[in-house]
Number of protein chains: 2
Amino acid sequence: VPDTAPLTRRTPIPIASIAWDADAPVIIDQRRLPDDLVHWRLDTVDAVVEAIRTLAVRGAPAIGIAGGYGMVVGLDETGGSEIGPGEREALASILDSLAGRLESARPTAVNLSMAVRRVHRAAAVQVDGPTARAAALAEATALEVEDRASCAAIAANGRVALAGARRLLTHCNTGRLATAGDGTALGIVYAMDAAGELDEVLACEARPLLQGARLTAWELGQAGVPYRLIVDSAAGAAMAHGLVDAVVVGCDRVAANGDTANKVGTYNLAVLARHHGIPFWIAGPHTSFDLDTPDGTAIVVEERDPEEVRTARGHRLAPADAPAWNPAFDVTPAALVAGYITDVGILRPPFGSELRAGTRDLTTASTGASL
Amino acid sequence: VPDTAPLTRRTPIPIASIAWDADAPVIIDQRRLPDDLVHWRLDTVDAVVEAIRTLAVRGAPAIGIAGGYGMVVGLDETGGSEIGPGEREALASILDSLAGRLESARPTAVNLSMAVRRVHRAAAVQVDGPTARAAALAEATALEVEDRASCAAIAANGRVALAGARRLLTHCNTGRLATAGDGTALGIVYAMDAAGELDEVLACEARPLLQGARLTAWELGQAGVPYRLIVDSAAGAAMAHGLVDAVVVGCDRVAANGDTANKVGTYNLAVLARHHGIPFWIAGPHTSFDLDTPDGTAIVVEERDPEEVRTARGHRLAPADAPAWNPAFDVTPAALVAGYITDVGILRPPFGSELRAGTRDLTTASTGASL
């Protein structure tokens, strides 16, 4: 039975997009937002896979953590947690199978695969089921704790980068629902609001899946942060009307030269910001930097189901047979970016070798270190 | 009982957004598109007002024609059509009252007011009810005929202006549903398609009211024109992917210096087009040029109900109490415009005095004259 809370309250409530509770992760079912706040206990691997696949849990960090906890759930469900010290091959086989099932929930989500593999490695070196289960839980918990610390560091660095910009514009959802902490780009918004440094944030709705309208608006409303929702195409008018001091967005993947893949519409905002002389910032953990991708031309744009364009929250907008082009994200060239706000520091232009060197260090840097 | 036709057909059907039939105008109820093709006979002034107010009929030209025919319906309904030659004051009073009711249906629609006033003037100089009714019908019919001719001239000029641009991007709905003819920007698309000059048109959905998704997609599908629907924020990605040779949009109002007010999102497209070196064209009848407005700063942006942003076709997207900013249109500076495609010719830069002189002539120029 879903646990539904009324959404009329204005007192801030703590939002945990995902949390471990006794023997299973509990998530907020984001498909039901903003209408209902429903928690979902993922007590089988199938449930974890289903939650990830259907975007009940979403946001790269949150998905990774869900996958990590899914490994623990899977060990319990398959009896792997009780395997004796003499059966390490059986344990390895179970871990391989679980990792494969979880990774396949969203095959293109690099973060999910990395998280699952990390938990797999931690468990696979143990001598028996109980220690493997304990190691898996410790590693999955570490993913959650690290993500929370990463969000806090991004927020602190963001306050420095965006100092004086009291009216921000953001895109999609990069907040408490996308991470285990306060978020990346939206985490900066929360920190600035708490410090009295924010007048207003404009939230783009982010068609077609409306993460801005459904999730960011809900989050900000719950937290009492002053905001207004706009349709994506009103961003230019907002800038022309002087409503925006800076743009700050998240990132799916940053190439070695700084070109950045993110939710479709990000590139529009970057071009508009440049036209208006408004700084355009990208926020994300250092793990979003992919040095194996030299530049944006190497990023293949995922095209999603045209039905997403023809509908909104399942309701039909366009003719059922209307052909549609539905790129999931776009690529913003580094030349349009004022800088990158990461958990380990702020990267400002010129990028190039600095970005390459900086982010190479990042891959081993401890959270909170400065570039 | 509404006359509903199945929408699965692929054979082009004639679309008359508005047509006079015996003693009343019949419109396509655009609120029901794209789900159902329903015609609505507007046989009372209240029905005409309701149809205009609720956007059952929309598009500046179509609204003007509806208002004009509404005057005829009103004369019949009030007995004005039967007033004798000795009661010219009673006739004038009826005409004033009808014009006031019809103009109030959309107070900010200049085109509606101009059309209603024009029919009012034609009727008010007649000697009795029957001749006033005949004059009103003749004038309203002239509005429709002139609009059809205007669309044809825009389409012909557009083929010249856009020669060689086989992949177009457009916004909102400026086609057969918005006019009595083939449309303005979309009329050019139809003409180029008929001439084998079009590979594809990308149609932006035009949030919040989705005229692109609901109406343009439906129109183009009915006509068999190759198109794909995109969310508004995918326009930048489309240009970056080389899918767009030119952008062509309509206009609500062009100021004396060329600054142009149009559906929100138009300005975004103009900035994106400039960034990509893609020509950005504006199409519209010469009556859209308002020489009393010196430039874009004199245009007050209408802010509409935030509920439009929180919903899509009546379905809730965002929290019910989410604050939203909902500008109905935006202003594109003349400097971003490749040129204006009108019914009386093509205006290319530099504008300034040329535009001013050209459009001053336009106000008396006959349809089809060249600048």
# chains A, B, ... in the order shown; residues from 1 in each chain; ligands from 1

$ closest_atom_pairs --of "chain B" --to "chain A" --cutoff "7 Å" --atoms "only C-alpha atoms" --output "JSON lines"
{"residue": "B:Pro34", "atom": "CA", "partner": "A:Pro319", "partner_atom": "CA", "distance": 5.5}
{"residue": "B:Asp35", "atom": "CA", "partner": "A:Pro319", "partner_atom": "CA", "distance": 7.0}
{"residue": "B:Arg207", "atom": "CA", "partner": "A:Val231", "partner_atom": "CA", "distance": 6.3}
{"residue": "B:Pro208", "atom": "CA", "partner": "A:Val231", "partner_atom": "CA", "distance": 6.5}
{"residue": "B:Ala213", "atom": "CA", "partner": "A:Ala318", "partner_atom": "CA", "distance": 4.7}
{"residue": "B:Arg214", "atom": "CA", "partner": "A:Ala318", "partner_atom": "CA", "distance": 4.7}
{"residue": "B:Ala217", "atom": "CA", "partner": "A:Ala322", "partner_atom": "CA", "distance": 6.5}
{"residue": "B:Trp218", "atom": "CA", "partner": "A:Pro319", "partner_atom": "CA", "distance": 6.1}
{"residue": "B:Tyr227", "atom": "CA", "partner": "A:Pro323", "partner_atom": "CA", "distance": 7.0}
{"residue": "B:Arg228", "atom": "CA", "partner": "A:Ala324", "partner_atom": "CA", "distance": 4.6}
{"residue": "B:Leu229", "atom": "CA", "partner": "A:Ala324", "partner_atom": "CA", "distance": 4.3}
{"residue": "B:Ile230", "atom": "CA", "partner": "A:Trp325", "partner_atom": "CA", "distance": 5.5}
{"residue": "B:Val231", "atom": "CA", "partner": "A:Arg207", "partner_atom": "CA", "distance": 6.3}
{"residue": "B:Asp232", "atom": "CA", "partner": "A:Ser233", "partner_atom": "CA", "distance": 6.1}
{"residue": "B:Ser233", "atom": "CA", "partner": "A:Gly265", "partner_atom": "CA", "distance": 4.3}
{"residue": "B:Ala234", "atom": "CA", "partner": "A:Gly265", "partner_atom": "CA", "distance": 5.8}
{"residue": "B:Gly236", "atom": "CA", "partner": "A:Asn268", "partner_atom": "CA", "distance": 5.3}
{"residue": "B:Ala237", "atom": "CA", "partner": "A:Asp330", "partner_atom": "CA", "distance": 5.8}
{"residue": "B:Val264", "atom": "CA", "partner": "A:Ala234", "partner_atom": "CA", "distance": 6.0}
{"residue": "B:Gly265", "atom": "CA", "partner": "A:Ser233", "partner_atom": "CA", "distance": 4.3}
{"residue": "B:Tyr267", "atom": "CA", "partner": "A:Gly236", "partner_atom": "CA", "distance": 6.4}
{"residue": "B:Asn268", "atom": "CA", "partner": "A:Gly236", "partner_atom": "CA", "distance": 5.3}
{"residue": "B:Val271", "atom": "CA", "partner": "A:Leu272", "partner_atom": "CA", "distance": 6.6}
{"residue": "B:Leu272", "atom": "CA", "partner": "A:Val271", "partner_atom": "CA", "distance": 6.6}
{"residue": "B:Val309", "atom": "CA", "partner": "A:Val231", "partner_atom": "CA", "distance": 6.4}
{"residue": "B:Leu317", "atom": "CA", "partner": "A:Arg214", "partner_atom": "CA", "distance": 5.9}
{"residue": "B:Ala318", "atom": "CA", "partner": "A:Ala213", "partner_atom": "CA", "distance": 4.7}
{"residue": "B:Pro319", "atom": "CA", "partner": "A:Pro34", "partner_atom": "CA", "distance": 5.5}
{"residue": "B:Ala322", "atom": "CA", "partner": "A:Ala217", "partner_atom": "CA", "distance": 6.4}
{"residue": "B:Pro323", "atom": "CA", "partner": "A:Arg228", "partner_atom": "CA", "distance": 4.9}
{"residue": "B:Ala324", "atom": "CA", "partner": "A:Leu229", "partner_atom": "CA", "distance": 4.3}
{"residue": "B:Trp325", "atom": "CA", "partner": "A:Ile230", "partner_atom": "CA", "distance": 5.5}
{"residue": "B:Asn326", "atom": "CA", "partner": "A:Ile230", "partner_atom": "CA", "distance": 6.5}
{"residue": "B:Asp330", "atom": "CA", "partner": "A:Ala237", "partner_atom": "CA", "distance": 5.7}

$ residues_around --residues "Ala134 of chain A" --least-positions-apart "3" --cutoff "9 Å" --atoms "only C-alpha atoms" --output "short mmCIF file (atom, residue, chain, number, x, y, z; two decimals) with all heavy atoms, in the first residue's frame"
data_model
loop_
_atom_site.label_atom_id
_atom_site.label_comp_id
_atom_site.auth_asym_id
_atom_site.auth_seq_id
_atom_site.Cartn_x
_atom_site.Cartn_y
_atom_site.Cartn_z
N VAL A 72 22.59 -5.60 -2.92
CA VAL A 72 22.36 -6.16 -1.58
C VAL A 72 21.03 -6.91 -1.54
O VAL A 72 20.93 -8.04 -1.04
CB VAL A 72 22.38 -5.04 -0.51
CG1 VAL A 72 22.27 -5.64 0.89
CG2 VAL A 72 23.65 -4.20 -0.64
N SER A 81 23.53 -14.25 0.31
CA SER A 81 24.01 -13.74 1.60
C SER A 81 24.36 -14.86 2.56
O SER A 81 25.03 -14.62 3.57
CB SER A 81 22.92 -12.87 2.25
OG SER A 81 22.55 -11.81 1.41
N ALA A 123 32.15 -6.83 -3.14
CA ALA A 123 31.57 -8.07 -2.62
C ALA A 123 32.34 -9.29 -3.11
O ALA A 123 32.49 -10.28 -2.37
CB ALA A 123 30.10 -8.17 -3.04
N GLY A 129 29.18 -15.48 1.82
CA GLY A 129 27.97 -14.70 1.60
C GLY A 129 27.78 -13.58 2.60
O GLY A 129 27.55 -12.43 2.22
N PRO A 130 27.83 -13.89 3.90
CA PRO A 130 27.58 -12.83 4.89
C PRO A 130 28.56 -11.66 4.76
O PRO A 130 28.14 -10.50 4.84
CB PRO A 130 27.76 -13.57 6.22
CG PRO A 130 27.38 -14.99 5.90
CD PRO A 130 27.87 -15.23 4.51
N THR A 131 29.84 -11.95 4.58
CA THR A 131 30.79 -10.83 4.45
C THR A 131 30.61 -10.10 3.12
O THR A 131 30.77 -8.88 3.04
CB THR A 131 32.24 -11.32 4.58
OG1 THR A 131 32.46 -12.39 3.65
CG2 THR A 131 32.53 -11.81 5.99
N LEU A 137 26.74 -3.82 1.13
CA LEU A 137 25.95 -2.77 1.77
C LEU A 137 26.83 -1.58 2.14
O LEU A 137 26.43 -0.42 1.97
CB LEU A 137 25.24 -3.33 3.01
CG LEU A 137 24.37 -2.31 3.77
CD1 LEU A 137 23.33 -1.67 2.85
CD2 LEU A 137 23.67 -2.98 4.96
N ALA A 138 28.06 -1.89 2.63
CA ALA A 138 28.97 -0.79 2.98
C ALA A 138 29.32 0.04 1.75
O ALA A 138 29.36 1.27 1.80
CB ALA A 138 30.23 -1.36 3.62
N GLU A 139 29.54 -0.64 0.61
CA GLU A 139 29.93 0.08 -0.60
C GLU A 139 28.76 0.89 -1.16
O GLU A 139 28.93 2.04 -1.60
CB GLU A 139 30.44 -0.91 -1.65
CG GLU A 139 31.28 -0.30 -2.74
CD GLU A 139 32.64 0.21 -2.25
OE1 GLU A 139 33.08 -0.19 -1.16
OE2 GLU A 139 33.24 1.04 -2.98
#

$ closest_residue --among "A:Leu186, A:Val119, A:Ala298, A:Ala273" --to "Thr170 of chain A" --atoms "only C-alpha atoms"
A:Leu186

$ residues_around --residues "Ala161 of chain A" --least-positions-apart "3" --cutoff "9 Å" --atoms "only C-alpha atoms" --output "list in words"
Asn157, Gly158, Trp281, Gly339, Tyr340, Ile341 and Ile346 of chain A

$ residues_around --residues "Gly67 of chain A" --least-positions-apart "3" --cutoff "6 Å" --atoms "only C-alpha atoms" --output "number ranges by chain"
A: 64, 70, 116

$ atom_distance --atom1 "atom CA of Val247 of chain A" --atom2 "atom CA of Ile278 of chain A"
7.3 Å

$ select_by_dssp --residues "segment 124-345 of chain B" --states "alpha helix (DSSP H)" --output "PyMOL selection string"
chain B and resi 124+129-161+185-194+211+217-223+235-240+266-276+307-310

$ residues_around --residues "Ile27 of chain B" --least-positions-apart "3" --cutoff "7 Å" --atoms "only C-alpha atoms" --output "PyMOL selection string"
chain B and resi 17-19+39-41+57

$ write_last_selection --atoms "N, CA, C and O atoms" --output "mmCIF file, in the first residue's frame"
data_model
loop_
_atom_site.group_PDB
_atom_site.id
_atom_site.type_symbol
_atom_site.label_atom_id
_atom_site.label_comp_id
_atom_site.auth_asym_id
_atom_site.auth_seq_id
_atom_site.Cartn_x
_atom_site.Cartn_y
_atom_site.Cartn_z
ATOM 1 N N SER B 17 -11.136 26.852 -42.160
ATOM 2 C CA SER B 17 -11.211 27.208 -40.744
ATOM 3 C C SER B 17 -12.490 27.972 -40.465
ATOM 4 O O SER B 17 -13.057 27.879 -39.383
ATOM 5 N N ILE B 18 -12.975 28.725 -41.457
ATOM 6 C CA ILE B 18 -14.231 29.458 -41.335
ATOM 7 C C ILE B 18 -14.828 29.649 -42.722
ATOM 8 O O ILE B 18 -14.099 29.912 -43.686
ATOM 9 N N ALA B 19 -16.148 29.473 -42.823
ATOM 10 C CA ALA B 19 -16.831 29.671 -44.111
ATOM 11 C C ALA B 19 -18.274 30.065 -43.838
ATOM 12 O O ALA B 19 -18.887 29.591 -42.871
ATOM 13 N N HIS B 39 -17.172 20.502 -36.649
ATOM 14 C CA HIS B 39 -17.577 21.814 -37.140
ATOM 15 C C HIS B 39 -18.608 22.418 -36.194
ATOM 16 O O HIS B 39 -19.364 21.706 -35.549
ATOM 17 N N TRP B 40 -18.632 23.747 -36.120
ATOM 18 C CA TRP B 40 -19.534 24.439 -35.202
ATOM 19 C C TRP B 40 -20.181 25.586 -35.979
ATOM 20 O O TRP B 40 -19.475 26.465 -36.485
ATOM 21 N N ARG B 41 -21.503 25.540 -36.043
ATOM 22 C CA ARG B 41 -22.265 26.593 -36.724
ATOM 23 C C ARG B 41 -22.527 27.704 -35.711
ATOM 24 O O ARG B 41 -23.196 27.504 -34.698
ATOM 25 N N VAL B 57 -12.011 29.302 -32.560
ATOM 26 C CA VAL B 57 -11.459 29.873 -33.788
ATOM 27 C C VAL B 57 -10.315 30.782 -33.360
ATOM 28 O O VAL B 57 -10.422 31.511 -32.368
#

$ residues_around --residues "Val127 of chain A" --least-positions-apart "2" --cutoff "10 Å" --atoms "only C-alpha atoms" --output "PyMOL selection string"
chain A and resi 83-88+91+123-125+129-132

$ select_by_dssp --residues "segment 120-334 of chain B" --states "strand (DSSP E or B)" --output "PyMOL selection string"
chain B and resi 167-170+200-204+227-230+246-249+253-255+260-263+280-283+289-290+303+311-312+315-316+324+327+329-332

$ closest_residue --among "B:Arg253, B:Arg348, B:Arg32, B:His171" --to "Ala109 of chain B" --atoms "only C-alpha atoms"
B:Arg253

$ residues_around --residues "Leu198 of chain B" --least-positions-apart "4" --cutoff "9 Å" --atoms "only C-alpha atoms" --output "PyMOL selection string"
chain B and resi 164-168+189-194+225-226

$ write_last_selection --atoms "all heavy atoms" --output "compact mmCIF listing (two decimals), in the first residue's frame"
# COMPACT_ATOMS: atom_id res chain seq x y z
N GLY B 164 15.68 27.49 -52.47
CA GLY B 164 16.85 26.67 -52.16
C GLY B 164 16.86 26.13 -50.75
O GLY B 164 17.63 25.21 -50.44
N ALA B 165 16.04 26.67 -49.88
CA ALA B 165 15.96 26.18 -48.49
C ALA B 165 14.94 25.04 -48.46
O ALA B 165 13.74 25.29 -48.42
CB ALA B 165 15.58 27.30 -47.55
N ARG B 166 15.40 23.82 -48.47
CA ARG B 166 14.49 22.67 -48.61
C ARG B 166 14.05 22.12 -47.26
O ARG B 166 13.15 21.31 -47.19
CB ARG B 166 15.16 21.57 -49.44
CG ARG B 166 15.59 22.02 -50.84
CD ARG B 166 16.02 20.83 -51.69
NE ARG B 166 14.92 19.90 -51.89
CZ ARG B 166 14.07 19.97 -52.92
NH1 ARG B 166 14.18 20.91 -53.83
NH2 ARG B 166 13.10 19.08 -53.02
N ARG B 167 14.77 22.52 -46.20
CA ARG B 167 14.39 22.03 -44.85
C ARG B 167 14.10 23.25 -43.98
O ARG B 167 15.00 24.01 -43.62
CB ARG B 167 15.51 21.18 -44.28
CG ARG B 167 15.71 19.89 -45.09
CD ARG B 167 17.04 19.25 -44.80
NE ARG B 167 18.11 20.23 -44.92
CZ ARG B 167 19.35 20.02 -44.49
NH1 ARG B 167 19.66 18.88 -43.93
NH2 ARG B 167 20.27 20.95 -44.64
N LEU B 168 12.83 23.42 -43.65
CA LEU B 168 12.39 24.60 -42.92
C LEU B 168 12.04 24.25 -41.48
O LEU B 168 11.71 23.10 -41.17
CB LEU B 168 11.17 25.21 -43.60
CG LEU B 168 11.34 25.57 -45.08
CD1 LEU B 168 10.04 26.15 -45.64
CD2 LEU B 168 12.49 26.56 -45.26
N VAL B 189 5.10 27.01 -46.81
CA VAL B 189 5.45 25.59 -46.74
C VAL B 189 4.59 24.78 -47.71
O VAL B 189 5.10 23.95 -48.48
CB VAL B 189 5.27 25.07 -45.30
CG1 VAL B 189 5.33 23.54 -45.25
CG2 VAL B 189 6.33 25.68 -44.38
N TYR B 190 3.29 25.03 -47.72
CA TYR B 190 2.40 24.30 -48.64
C TYR B 190 2.79 24.57 -50.10
O TYR B 190 2.82 23.66 -50.92
CB TYR B 190 0.94 24.74 -48.43
CG TYR B 190 0.30 24.19 -47.17
CD1 TYR B 190 -0.19 25.04 -46.19
CD2 TYR B 190 0.16 22.82 -46.98
CE1 TYR B 190 -0.80 24.55 -45.04
CE2 TYR B 190 -0.44 22.31 -45.84
CZ TYR B 190 -0.92 23.19 -44.87
OH TYR B 190 -1.51 22.69 -43.75
N ALA B 191 3.08 25.84 -50.38
CA ALA B 191 3.41 26.19 -51.77
C ALA B 191 4.72 25.53 -52.20
O ALA B 191 4.83 25.02 -53.33
CB ALA B 191 3.51 27.70 -51.91
N MET B 192 5.70 25.52 -51.31
CA MET B 192 6.99 24.90 -51.66
C MET B 192 6.82 23.39 -51.81
O MET B 192 7.43 22.78 -52.70
CB MET B 192 8.04 25.24 -50.59
CG MET B 192 8.46 26.71 -50.63
SD MET B 192 9.65 27.16 -49.33
CE MET B 192 11.10 26.24 -49.88
N ASP B 193 6.00 22.80 -50.96
CA ASP B 193 5.77 21.36 -51.07
C ASP B 193 5.10 21.03 -52.40
O ASP B 193 5.50 20.10 -53.10
CB ASP B 193 4.92 20.87 -49.90
CG ASP B 193 4.66 19.37 -49.96
OD1 ASP B 193 5.65 18.61 -49.98
OD2 ASP B 193 3.49 18.96 -50.01
N ALA B 194 4.09 21.83 -52.75
CA ALA B 194 3.37 21.59 -54.01
C ALA B 194 4.30 21.72 -55.21
O ALA B 194 4.12 21.04 -56.23
CB ALA B 194 2.19 22.55 -54.13
N VAL B 225 2.16 16.73 -46.17
CA VAL B 225 3.45 17.45 -46.24
C VAL B 225 4.44 16.75 -45.30
O VAL B 225 4.09 16.46 -44.15
CB VAL B 225 3.27 18.93 -45.81
CG1 VAL B 225 4.62 19.63 -45.74
CG2 VAL B 225 2.33 19.65 -46.77
N PRO B 226 5.66 16.45 -45.76
CA PRO B 226 6.62 15.78 -44.88
C PRO B 226 7.04 16.69 -43.73
O PRO B 226 7.54 17.79 -43.96
CB PRO B 226 7.80 15.46 -45.81
CG PRO B 226 7.66 16.41 -46.95
CD PRO B 226 6.19 16.69 -47.11

$ closest_residue --among "A:Ile63, A:Ile188, A:Leu42, A:Leu55" --to "Glu77 of chain A" --atoms "only C-alpha atoms"
A:Leu42

$ decode --residues "segment 337-352 of chain A" --atoms "N, CA and C atoms" --output "short mmCIF file (atom, residue, chain, number, x, y, z; two decimals), in the first residue's frame"
data_model
loop_
_atom_site.label_atom_id
_atom_site.label_comp_id
_atom_site.auth_asym_id
_atom_site.auth_seq_id
_atom_site.Cartn_x
_atom_site.Cartn_y
_atom_site.Cartn_z
N VAL A 337 30.52 28.04 -22.35
CA VAL A 337 30.43 27.76 -20.92
C VAL A 337 31.31 28.72 -20.12
N ALA A 338 30.71 29.37 -19.11
CA ALA A 338 31.48 30.27 -18.24
C ALA A 338 32.43 29.48 -17.36
N GLY A 339 32.00 28.29 -16.95
CA GLY A 339 32.85 27.46 -16.11
C GLY A 339 32.09 26.25 -15.60
N TYR A 340 32.85 25.32 -15.01
CA TYR A 340 32.28 24.08 -14.48
C TYR A 340 32.41 24.11 -12.97
N ILE A 341 31.31 23.89 -12.30
CA ILE A 341 31.29 23.87 -10.84
C ILE A 341 31.26 22.41 -10.41
N THR A 342 32.36 21.91 -9.86
CA THR A 342 32.44 20.50 -9.49
C THR A 342 32.61 20.37 -7.98
N ASP A 343 32.59 19.12 -7.54
CA ASP A 343 32.77 18.85 -6.11
C ASP A 343 34.21 19.10 -5.67
N VAL A 344 35.13 19.18 -6.62
CA VAL A 344 36.54 19.37 -6.26
C VAL A 344 37.08 20.72 -6.71
N GLY A 345 36.20 21.61 -7.10
CA GLY A 345 36.66 22.94 -7.46
C GLY A 345 35.91 23.53 -8.63
N ILE A 346 36.33 24.72 -9.00
CA ILE A 346 35.69 25.44 -10.11
C ILE A 346 36.68 25.50 -11.27
N LEU A 347 36.24 25.08 -12.43
CA LEU A 347 37.07 25.17 -13.63
C LEU A 347 36.59 26.34 -14.45
N ARG A 348 37.51 27.30 -14.72
CA ARG A 348 37.15 28.45 -15.55
C ARG A 348 37.93 28.41 -16.85
N PRO A 349 37.49 29.13 -17.88
CA PRO A 349 38.24 29.13 -19.14
C PRO A 349 39.55 29.89 -18.99
N PRO A 350 40.54 29.72 -19.87
CA PRO A 350 40.47 28.77 -20.99
C PRO A 350 40.60 27.33 -20.49
N PHE A 351 39.85 26.44 -21.13
CA PHE A 351 39.88 25.04 -20.72
C PHE A 351 41.02 24.34 -21.46
N GLY A 352 40.70 23.39 -22.30
CA GLY A 352 41.77 22.71 -23.04
C GLY A 352 42.66 21.94 -22.10
#
